[in-house]
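Structure below is coords-v2.txt: compact mmCIF, C-alpha atoms.
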# COMPACT_ATOMS: atom_id res chain seq x y z
CA MET A 473 0.00 0.00 0.00
CA THR A 474 1.14 3.49 -0.84
CA LYS A 475 0.09 6.80 0.63
CA PHE A 476 -0.86 9.61 -1.69
CA ALA A 477 -1.53 13.27 -1.00
CA ALA A 478 -4.66 14.44 -2.76
CA HIS A 479 -5.69 18.01 -3.44
CA ILE A 480 -9.22 18.58 -4.67
CA ASN A 481 -10.01 22.00 -6.11
CA VAL A 482 -13.75 22.62 -6.00
CA MET A 483 -15.06 25.52 -8.09
CA PRO A 484 -18.53 26.81 -8.93
CA ARG A 485 -19.37 25.54 -12.41
CA ALA A 486 -18.39 27.91 -15.20
CA GLU A 487 -21.96 28.64 -16.32
CA ILE A 488 -23.10 29.51 -12.79
CA SER A 489 -22.76 33.06 -11.53
CA ASP A 490 -20.48 33.45 -8.52
CA PRO A 491 -21.69 36.35 -6.34
CA GLN A 492 -18.73 35.97 -3.97
CA GLY A 493 -16.23 36.24 -6.82
CA GLN A 494 -18.09 39.21 -8.29
CA THR A 495 -18.05 41.03 -4.97
CA VAL A 496 -14.32 40.44 -4.51
CA GLU A 497 -13.74 41.63 -8.09
CA ARG A 498 -15.66 44.86 -7.46
CA THR A 499 -13.69 45.51 -4.27
CA LEU A 500 -10.20 45.03 -5.70
CA PRO A 501 -9.96 48.30 -7.71
CA SER A 502 -11.20 50.33 -4.74
CA ILE A 503 -8.19 49.22 -2.72
CA GLY A 504 -5.71 49.86 -5.51
CA PHE A 505 -5.55 46.64 -7.53
CA GLN A 506 -6.14 47.35 -11.20
CA GLY A 507 -6.46 45.02 -14.20
CA ILE A 508 -7.99 42.08 -12.37
CA SER A 509 -11.02 40.27 -13.80
CA GLY A 510 -12.67 36.85 -13.78
CA VAL A 511 -12.53 36.39 -10.00
CA ARG A 512 -14.19 33.19 -8.83
CA VAL A 513 -14.12 31.78 -5.32
CA GLY A 514 -13.92 28.05 -4.68
CA LYS A 515 -12.40 25.78 -2.10
CA ARG A 516 -9.47 23.40 -1.83
CA ILE A 517 -9.64 20.15 0.09
CA THR A 518 -6.50 18.21 0.99
CA LEU A 519 -6.37 14.67 2.25
CA THR A 520 -4.20 11.57 2.40
CA VAL A 521 -5.33 8.32 0.83
CA GLU A 522 -3.77 4.85 1.12
CA ALA A 523 -4.21 2.50 -1.82
CA PRO A 524 -2.33 -0.25 -3.71
CA ASP A 525 -1.50 2.06 -6.63
CA GLU A 526 -2.11 5.51 -8.02
CA GLN A 527 -5.03 4.41 -10.20
CA SER A 528 -6.99 2.96 -7.29
CA ALA A 529 -6.15 6.00 -5.13
CA ARG A 530 -7.48 8.22 -7.89
CA THR A 531 -10.68 6.16 -8.13
CA ILE A 532 -11.32 6.39 -4.38
CA VAL A 533 -10.85 10.18 -4.23
CA SER A 534 -12.73 10.70 -7.45
CA ASN A 535 -15.74 8.75 -6.16
CA ALA A 536 -15.63 10.65 -2.85
CA SER A 537 -15.49 13.93 -4.76
CA GLN A 538 -18.51 13.05 -6.86
CA LYS A 539 -20.53 11.71 -3.94
CA ILE A 540 -19.87 14.31 -1.26
CA LEU A 541 -16.77 16.51 -1.51
CA ALA A 542 -18.25 18.40 -4.47
CA ASN A 543 -21.87 18.81 -5.55
CA PRO A 544 -21.94 18.13 -9.31
CA VAL A 545 -25.16 20.16 -9.66
CA ILE A 546 -23.28 23.39 -8.93
CA GLU A 547 -19.56 22.54 -8.69
CA ASP A 548 -16.73 21.11 -10.77
CA TYR A 549 -13.65 19.59 -9.22
CA GLU A 550 -10.08 18.91 -10.26
CA LEU A 551 -7.99 16.29 -8.56
CA GLU A 552 -4.21 16.35 -8.03
CA LEU A 553 -2.54 13.24 -6.65
CA THR A 554 1.09 12.88 -5.54
CA PRO A 555 2.77 9.88 -3.88
CA LEU A 556 4.01 10.63 -0.36
CA MET B 932 -57.12 9.27 12.52
CA ILE B 933 -54.59 11.42 14.39
CA PRO B 934 -51.37 11.40 12.35
CA THR B 935 -47.96 11.09 13.95
CA VAL B 936 -45.39 13.58 12.71
CA GLY B 937 -41.72 12.67 13.08
CA VAL B 938 -39.40 15.65 13.37
CA VAL B 939 -35.82 14.68 12.56
CA VAL B 940 -33.20 16.22 14.83
CA PHE B 941 -29.67 16.57 13.47
CA PRO B 942 -26.87 17.99 15.58
CA GLY B 943 -27.28 21.67 14.71
CA SER B 944 -31.01 21.60 13.88
CA ASN B 945 -32.67 24.61 15.52
CA CYS B 946 -36.24 24.68 14.17
CA ASP B 947 -37.08 21.18 15.36
CA ARG B 948 -38.99 22.45 18.40
CA ASP B 949 -40.89 25.00 16.34
CA ALA B 950 -41.94 22.26 13.89
CA ASN B 951 -42.93 20.02 16.77
CA TYR B 952 -44.88 22.83 18.46
CA SER B 953 -46.72 23.71 15.25
CA PHE B 954 -47.88 20.20 14.44
CA ASP B 955 -48.82 19.73 18.08
CA TYR B 956 -50.81 22.99 17.87
CA LEU B 957 -52.64 21.61 14.82
CA GLY B 958 -53.64 18.50 16.73
CA ALA B 959 -51.14 15.93 15.44
CA LYS B 960 -49.06 13.59 17.55
CA THR B 961 -45.38 14.40 17.32
CA ARG B 962 -42.12 12.62 17.94
CA PHE B 963 -38.50 13.73 17.67
CA ILE B 964 -36.26 11.41 15.67
CA TRP B 965 -32.53 11.60 16.44
CA HIS B 966 -30.29 11.50 13.36
CA LEU B 967 -28.84 8.10 14.35
CA GLU B 968 -32.29 6.46 14.51
CA THR B 969 -33.41 4.34 11.58
CA ASP B 970 -36.77 2.98 12.75
CA LEU B 971 -39.61 5.13 11.40
CA GLU B 972 -42.36 2.67 12.32
CA GLY B 973 -45.62 4.42 13.19
CA ILE B 974 -44.61 7.74 11.62
CA ASP B 975 -47.03 9.24 9.06
CA VAL B 976 -45.17 12.45 8.14
CA ILE B 977 -41.46 13.25 8.28
CA VAL B 978 -40.22 16.80 8.82
CA LEU B 979 -36.61 17.77 8.17
CA PRO B 980 -36.42 21.03 10.10
CA GLY B 981 -34.41 24.20 9.66
CA GLY B 982 -31.06 24.89 11.25
CA PHE B 983 -27.45 24.07 10.48
CA ALA B 984 -27.24 20.27 10.45
CA TYR B 985 -23.72 19.06 11.25
CA GLY B 986 -22.72 22.73 11.25
CA ASP B 987 -23.48 22.85 7.52
CA TYR B 988 -19.81 21.95 7.08
CA LEU B 989 -18.56 21.49 3.51
CA ARG B 990 -21.93 22.60 2.04
CA THR B 991 -25.36 23.16 3.57
CA GLY B 992 -27.00 19.79 4.15
CA ALA B 993 -24.06 17.82 2.69
CA MET B 994 -23.19 15.81 5.79
CA ALA B 995 -26.77 15.39 6.98
CA ALA B 996 -27.72 13.87 3.62
CA TRP B 997 -25.61 10.81 4.45
CA SER B 998 -26.66 10.40 8.09
CA PRO B 999 -28.22 7.08 9.23
CA VAL B 1000 -31.76 8.51 9.48
CA MET B 1001 -31.68 9.69 5.88
CA ALA B 1002 -31.40 6.14 4.53
CA SER B 1003 -34.70 5.44 6.29
CA VAL B 1004 -36.20 8.74 5.12
CA LYS B 1005 -35.41 7.70 1.53
CA GLU B 1006 -37.33 4.44 2.03
CA PHE B 1007 -40.15 6.35 3.76
CA ALA B 1008 -40.37 8.73 0.79
CA ALA B 1009 -40.24 5.86 -1.71
CA SER B 1010 -43.25 4.29 0.05
CA GLY B 1011 -45.26 7.42 -0.86
CA LYS B 1012 -45.55 8.94 2.63
CA PRO B 1013 -45.16 12.71 2.92
CA VAL B 1014 -41.79 14.30 3.70
CA ILE B 1015 -41.39 18.04 4.16
CA GLY B 1016 -37.96 19.68 4.29
CA ILE B 1017 -37.97 23.26 5.55
CA CYS B 1018 -35.02 25.58 4.95
CA ASN B 1019 -32.00 23.47 6.00
CA GLY B 1020 -34.29 20.47 5.47
CA PHE B 1021 -34.75 21.54 1.82
CA GLN B 1022 -30.98 21.74 1.47
CA VAL B 1023 -30.65 18.24 2.96
CA LEU B 1024 -33.28 16.84 0.54
CA CYS B 1025 -31.37 18.28 -2.45
CA GLU B 1026 -28.02 16.98 -1.22
CA ALA B 1027 -29.60 13.57 -0.61
CA GLY B 1028 -30.90 13.47 -4.18
CA LEU B 1029 -34.55 13.33 -3.09
CA LEU B 1030 -35.14 16.64 -4.86
CA PRO B 1031 -33.33 18.03 -7.92
CA GLY B 1032 -31.10 21.11 -7.88
CA ALA B 1033 -29.20 22.82 -5.09
CA LEU B 1034 -29.45 25.81 -2.76
CA ARG B 1035 -26.64 28.33 -3.20
CA ARG B 1036 -25.48 31.41 -1.30
CA ASN B 1037 -28.09 34.20 -1.58
CA SER B 1038 -27.35 36.38 -4.60
CA GLY B 1039 -27.13 39.48 -2.39
CA LEU B 1040 -24.65 37.73 -0.06
CA LYS B 1041 -26.82 38.62 2.90
CA PHE B 1042 -28.61 36.48 5.47
CA ARG B 1043 -32.28 37.30 4.84
CA CYS B 1044 -34.62 37.07 7.82
CA MET B 1045 -38.10 38.50 7.14
CA PRO B 1046 -41.62 37.64 6.09
CA VAL B 1047 -41.91 37.04 2.34
CA ARG B 1048 -44.81 36.36 0.03
CA ILE B 1049 -45.05 33.12 -1.89
CA ARG B 1050 -47.53 32.07 -4.53
CA VAL B 1051 -49.17 28.66 -4.52
CA GLU B 1052 -48.31 27.11 -7.89
CA THR B 1053 -50.01 23.75 -7.71
CA LEU B 1054 -52.72 22.13 -5.60
CA ASP B 1055 -51.62 18.69 -6.73
CA SER B 1056 -49.70 17.61 -3.62
CA PRO B 1057 -50.59 16.67 -0.04
CA PHE B 1058 -49.00 19.94 1.10
CA THR B 1059 -51.19 22.20 -1.03
CA SER B 1060 -54.40 20.26 -1.65
CA GLY B 1061 -56.22 21.27 1.54
CA GLY B 1062 -57.68 24.76 1.66
CA MET B 1063 -55.59 26.73 -0.84
CA TRP B 1064 -56.41 28.08 -4.26
CA PRO B 1065 -54.01 28.26 -7.22
CA GLY B 1066 -52.24 31.61 -7.27
CA GLN B 1067 -53.04 32.27 -3.62
CA VAL B 1068 -50.41 34.49 -1.99
CA LEU B 1069 -49.18 33.36 1.42
CA THR B 1070 -47.02 35.34 3.84
CA ILE B 1071 -44.39 33.11 5.43
CA PRO B 1072 -41.05 34.05 7.05
CA ILE B 1073 -37.65 33.16 5.64
CA ALA B 1074 -34.36 33.02 7.55
CA HIS B 1075 -31.44 31.83 5.46
CA PHE B 1076 -28.05 32.61 3.94
CA ASP B 1077 -28.08 29.81 1.36
CA GLY B 1078 -31.50 29.76 -0.24
CA SER B 1079 -30.85 30.63 -3.86
CA TYR B 1080 -32.40 27.75 -5.76
CA TYR B 1081 -30.34 26.57 -8.71
CA ALA B 1082 -31.05 23.86 -11.28
CA ASP B 1083 -29.94 23.69 -14.90
CA ASP B 1084 -32.30 24.71 -17.71
CA GLU B 1085 -33.30 21.15 -18.52
CA THR B 1086 -34.29 20.44 -14.90
CA LEU B 1087 -36.26 23.70 -14.67
CA GLU B 1088 -38.15 22.83 -17.85
CA GLU B 1089 -38.99 19.45 -16.39
CA LEU B 1090 -40.17 21.03 -13.11
CA ILE B 1091 -42.46 23.33 -15.08
CA ALA B 1092 -43.74 20.61 -17.44
CA THR B 1093 -44.57 18.29 -14.55
CA ARG B 1094 -45.98 21.13 -12.38
CA ARG B 1095 -43.57 20.40 -9.56
CA ILE B 1096 -42.89 23.99 -8.54
CA ALA B 1097 -44.93 24.28 -5.33
CA PHE B 1098 -44.26 27.91 -4.35
CA ARG B 1099 -42.64 30.95 -5.97
CA TYR B 1100 -41.56 34.23 -4.35
CA CYS B 1101 -43.90 37.04 -5.41
CA ASP B 1102 -45.17 40.47 -4.38
CA ALA B 1103 -48.47 41.26 -2.64
CA ASP B 1104 -50.30 41.00 -5.95
CA GLY B 1105 -48.76 37.66 -6.83
CA GLU B 1106 -46.42 39.21 -9.42
CA LEU B 1107 -42.95 37.69 -9.87
CA THR B 1108 -40.99 40.93 -9.58
CA ASP B 1109 -37.20 40.95 -9.10
CA GLU B 1110 -37.66 42.81 -5.80
CA ALA B 1111 -39.86 40.01 -4.50
CA ASN B 1112 -37.13 37.40 -5.02
CA PRO B 1113 -35.15 37.54 -1.77
CA ASN B 1114 -32.22 35.35 -2.74
CA GLY B 1115 -31.85 35.16 -6.52
CA SER B 1116 -33.59 31.80 -6.87
CA ARG B 1117 -34.04 30.71 -10.48
CA LEU B 1118 -37.68 31.15 -11.59
CA HIS B 1119 -38.35 32.63 -8.11
CA ILE B 1120 -38.54 29.08 -6.78
CA ALA B 1121 -39.34 28.90 -3.06
CA GLY B 1122 -40.40 25.25 -2.95
CA ILE B 1123 -40.48 22.17 -5.19
CA LEU B 1124 -41.92 18.66 -5.23
CA ASN B 1125 -40.38 15.33 -6.19
CA GLU B 1126 -41.72 13.23 -9.06
CA GLN B 1127 -44.09 11.30 -6.79
CA ARG B 1128 -45.26 14.66 -5.32
CA ASN B 1129 -44.94 13.38 -1.74
CA VAL B 1130 -41.66 15.16 -0.95
CA LEU B 1131 -41.71 18.94 -0.56
CA GLY B 1132 -38.68 21.15 -0.01
CA MET B 1133 -39.18 24.83 0.76
CA MET B 1134 -36.99 27.64 2.08
CA PRO B 1135 -39.75 29.62 3.88
CA HIS B 1136 -40.74 28.46 7.37
CA PRO B 1137 -44.45 27.53 7.58
CA GLU B 1138 -43.92 26.36 11.17
CA ARG B 1139 -43.11 29.97 12.12
CA ALA B 1140 -46.51 31.12 10.85
CA VAL B 1141 -48.91 28.87 12.76
CA ASP B 1142 -49.44 30.41 16.21
CA PRO B 1143 -50.92 33.93 15.92
CA ALA B 1144 -48.94 34.89 19.04
CA VAL B 1145 -45.75 35.04 16.94
CA GLY B 1146 -46.98 36.42 13.65
CA GLY B 1147 -49.14 35.25 10.78
CA THR B 1148 -50.96 31.99 10.41
CA ASP B 1149 -50.57 31.22 6.69
CA GLY B 1150 -48.17 28.40 7.50
CA ARG B 1151 -51.09 26.50 8.97
CA LEU B 1152 -52.51 26.00 5.49
CA ILE B 1153 -49.46 24.00 4.40
CA LEU B 1154 -48.98 21.97 7.57
CA ALA B 1155 -52.69 21.29 8.07
CA SER B 1156 -52.99 20.28 4.42
CA VAL B 1157 -50.55 17.41 5.02
CA LEU B 1158 -52.62 16.24 7.97
CA TYR B 1159 -55.89 16.46 6.00
CA ALA B 1160 -54.34 14.52 3.13
CA LEU B 1161 -53.66 11.61 5.47
CA GLN B 1162 -57.30 11.25 6.48
CA PRO B 1163 -59.15 8.32 4.95
CA ALA B 1164 -61.70 9.59 2.44
CA GLY B 1165 -65.23 10.00 3.77
CA GLU B 1166 -64.40 9.55 7.43
CA PRO B 1167 -64.41 12.23 10.09
CA SER B 1168 -60.92 12.88 11.41

Could I get this file's structure written as structure tokens?
Amino acid sequence: MTKFAAHINVMPRAEISDPQGQTVERTLPSIGFQGISGVRVGKRITLTVEAPDEQSARTIVSNASQKILANPVIEDYELELTPL
Amino acid sequence: MIPTVGVVVFPGSNCDRDANYSFDYLGAKTRFIWHLETDLEGIDVIVLPGGFAYGDYLRTGAMAAWSPVMASVKEFAASGKPVIGICNGFQVLCEAGLLPGALRRNSGLKFRCMPVRIRVETLDSPFTSGGMWPGQVLTIPIAHFDGSYYADDETLEELIATRRIAFRYCDADGELTDEANPNGSRLHIAGILNEQRNVLGMMPHPERAVDPAVGGTDGRLILASVLYALQPAGEPS
């Protein structure tokens, strides 16, 4: 068994408006940051997973992401996996 | 027949007592059901109350959706018995897949706590069949940060085609104005039904509009309707 570090980036789906990101974007120029656009706010989940190989580790985290870590109705996720 | 209403209590639920009080006020028997319980024998109606189940960690309702009691609630719903999810309970029903869509952060990024008006969109459900007319405007309080209903276009079209939108936010005249939508919900959706029409999720709190001592009484119509619907036809209750 090998341990892997997993990072799951969960973002609101592209076609869905992101009021948090929009509010941050509107605030940035007022405190002196120019030229910034396309702000979107998501979350990053990190965890350790133990599995026989990278493929099975990826399957476990991927299933967990689809079932609970992200909500596919409103969120997309990207998964990064690195052996520890 | 006096129905027994089961009010599910998750760690972090905070409208469970209000729900219990309201159904008690309307003459039903009530019982609290702890989130680890799985035996729903003898229960006629399930209420998933408002609050912040499991702290609403990760997403609202996400953890609660996979709690032991919810497996039983899914079977209960599949058997055709009525389930009503109020506020956090609506969020739990969506996360559990018992209702389509999701509740997102309010578009104005503010916690909204106030009475709102909602329009009755269908009488074809146990929650709306008793004593309401189509297009009737009810005044019911909301209290939520994450109540912006989202579903993709295809799902919304299906909800419309199958008349599964139960309530929509409106103004005093029943008009769907932007100002009357407190949270940016798509199609002004305040409440929806499942395919079988026995599961209702709604963000407004009917249980907070039952006892005239604390405000309006329009919530009675919804809660009493469920109790009426359980009565055998042609028999006095």

I need the chain B residues near chain A as a list in words; criterion: at most 7 Å, counting only C-alpha atoms. Ala993, Gly1032, Ala1033 and Ser1038 of chain B

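Within the 8 Å cut-off around region 530-538 of chain A, using only C-alpha atoms and omitting residues fewer than 4 positions from it on the same chain, the listed residues are Ala478, Ile480, Val521, Glu526, Ala542, Asn543, Pro544, Tyr549, Leu551 and Leu553 of chain A.
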
What would the file look like if the residues just selected were written as a compact mmCIF listing (two decimals), in the frame of the given file with C-alpha atoms?
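Okay, result.txt is ready:
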# COMPACT_ATOMS: atom_id res chain seq x y z
CA ALA A 478 -4.66 14.44 -2.76
CA ILE A 480 -9.22 18.58 -4.67
CA VAL A 521 -5.33 8.32 0.83
CA GLU A 526 -2.11 5.51 -8.02
CA ALA A 542 -18.25 18.40 -4.47
CA ASN A 543 -21.87 18.81 -5.55
CA PRO A 544 -21.94 18.13 -9.31
CA TYR A 549 -13.65 19.59 -9.22
CA LEU A 551 -7.99 16.29 -8.56
CA LEU A 553 -2.54 13.24 -6.65

At a cut-off of 8 Å, using all atoms listed in the file, what residues contact Ile1017 (chain B)? Leave out same-chain residues fewer than 5 positions from it and give the result as a list in words. Val978, Leu979, Pro980, Gly981, Gly1132, Met1133, Met1134, Pro1135 and His1136 of chain B

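Put simply, CA of Ala984 (chain B) is 24.9 Å away from CA of Tyr956 (chain B).
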
Residues within 9 Å of Gly992 (chain B), all atoms listed in the file, excluding chain neighbours under 4 positions, as number ranges by chain: B: 983-988, 996, 1019-1027

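Minimum atom-to-atom distance to Gln494 (chain A), evaluated using all atoms listed in the file, belongs to A:Arg512 out of A:Asn481, A:Asp548, A:Arg512, A:Pro555.
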
Measure the distance from CA of Ile1120 (chain B) to CA of Ile1153 (chain B) in Å and round it to one decimal. 16.4 Å

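The coordinates place CA of Thr991 (chain B) at 29.4 Å from CA of Gly1105 (chain B).
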
At a cut-off of 7 Å, using only C-alpha atoms, what residues contact Arg1035 (chain B)? Leave out same-chain residues fewer than 4 positions from it and give the result as a PyMOL selection string. chain B and resi 1077-1081

Could you name the residues that touch region 1045-1048 of chain B at 9 Å or less, counting only C-alpha atoms, but leaving out those on the same chain fewer than 2 positions away, as a ChimeraX atom specification? /B:1043,1050,1068-1074,1099-1103,1105,1111-1113,1135

Counting all atoms listed in the file, what are the residues of region 1080-1135 of chain B within 10 Å of region 1055-1062 of chain B, and for each of them which pair of atoms is the nearest and at what distance in Å, to one decimal? Sort the table by chain and rising number, as a Markdown table.
| residue | atom | partner | partner_atom | distance |
| --- | --- | --- | --- | --- |
| B:Arg1094 | CA | B:Asp1055 | CA | 8.3 |
| B:Arg1095 | CA | B:Asp1055 | CA | 8.7 |
| B:Ala1097 | CA | B:Thr1059 | CA | 7.9 |
| B:Phe1098 | CA | B:Thr1059 | CA | 9.6 |
| B:Leu1124 | CA | B:Ser1056 | CA | 8.0 |
| B:Asn1125 | CA | B:Ser1056 | CA | 9.9 |
| B:Gln1127 | CA | B:Ser1056 | CA | 9.0 |
| B:Arg1128 | CA | B:Ser1056 | CA | 5.6 |
| B:Asn1129 | CA | B:Ser1056 | CA | 6.6 |
| B:Val1130 | CA | B:Ser1056 | CA | 8.8 |
| B:Leu1131 | CA | B:Phe1058 | CA | 7.5 |

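Of the residues listed (B:Val976, B:Ile933, B:Leu971, B:Leu1034), B:Ile933 shows the shortest atom-to-atom separation from Leu957 (chain B); distances use all atoms listed in the file.
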
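Closest to Thr935 (chain B) among B:Glu1106, B:Asp1084, B:Asp949, B:Asp975 is B:Asp975, based on all atoms listed in the file.
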
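Comparing the minimum interatomic distances between Ala1160 (chain B) and each of B:Leu1054, B:Gly982, B:Ala1009, B:Ala950, counting all atoms listed in the file, we find that B:Leu1054 sits nearest.
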
With only C-alpha atoms as the atoms that count, which of A:Leu556, A:Ala523, A:Ala486, A:Ala529 lies nearest to Val511 (chain A)? A:Ala486
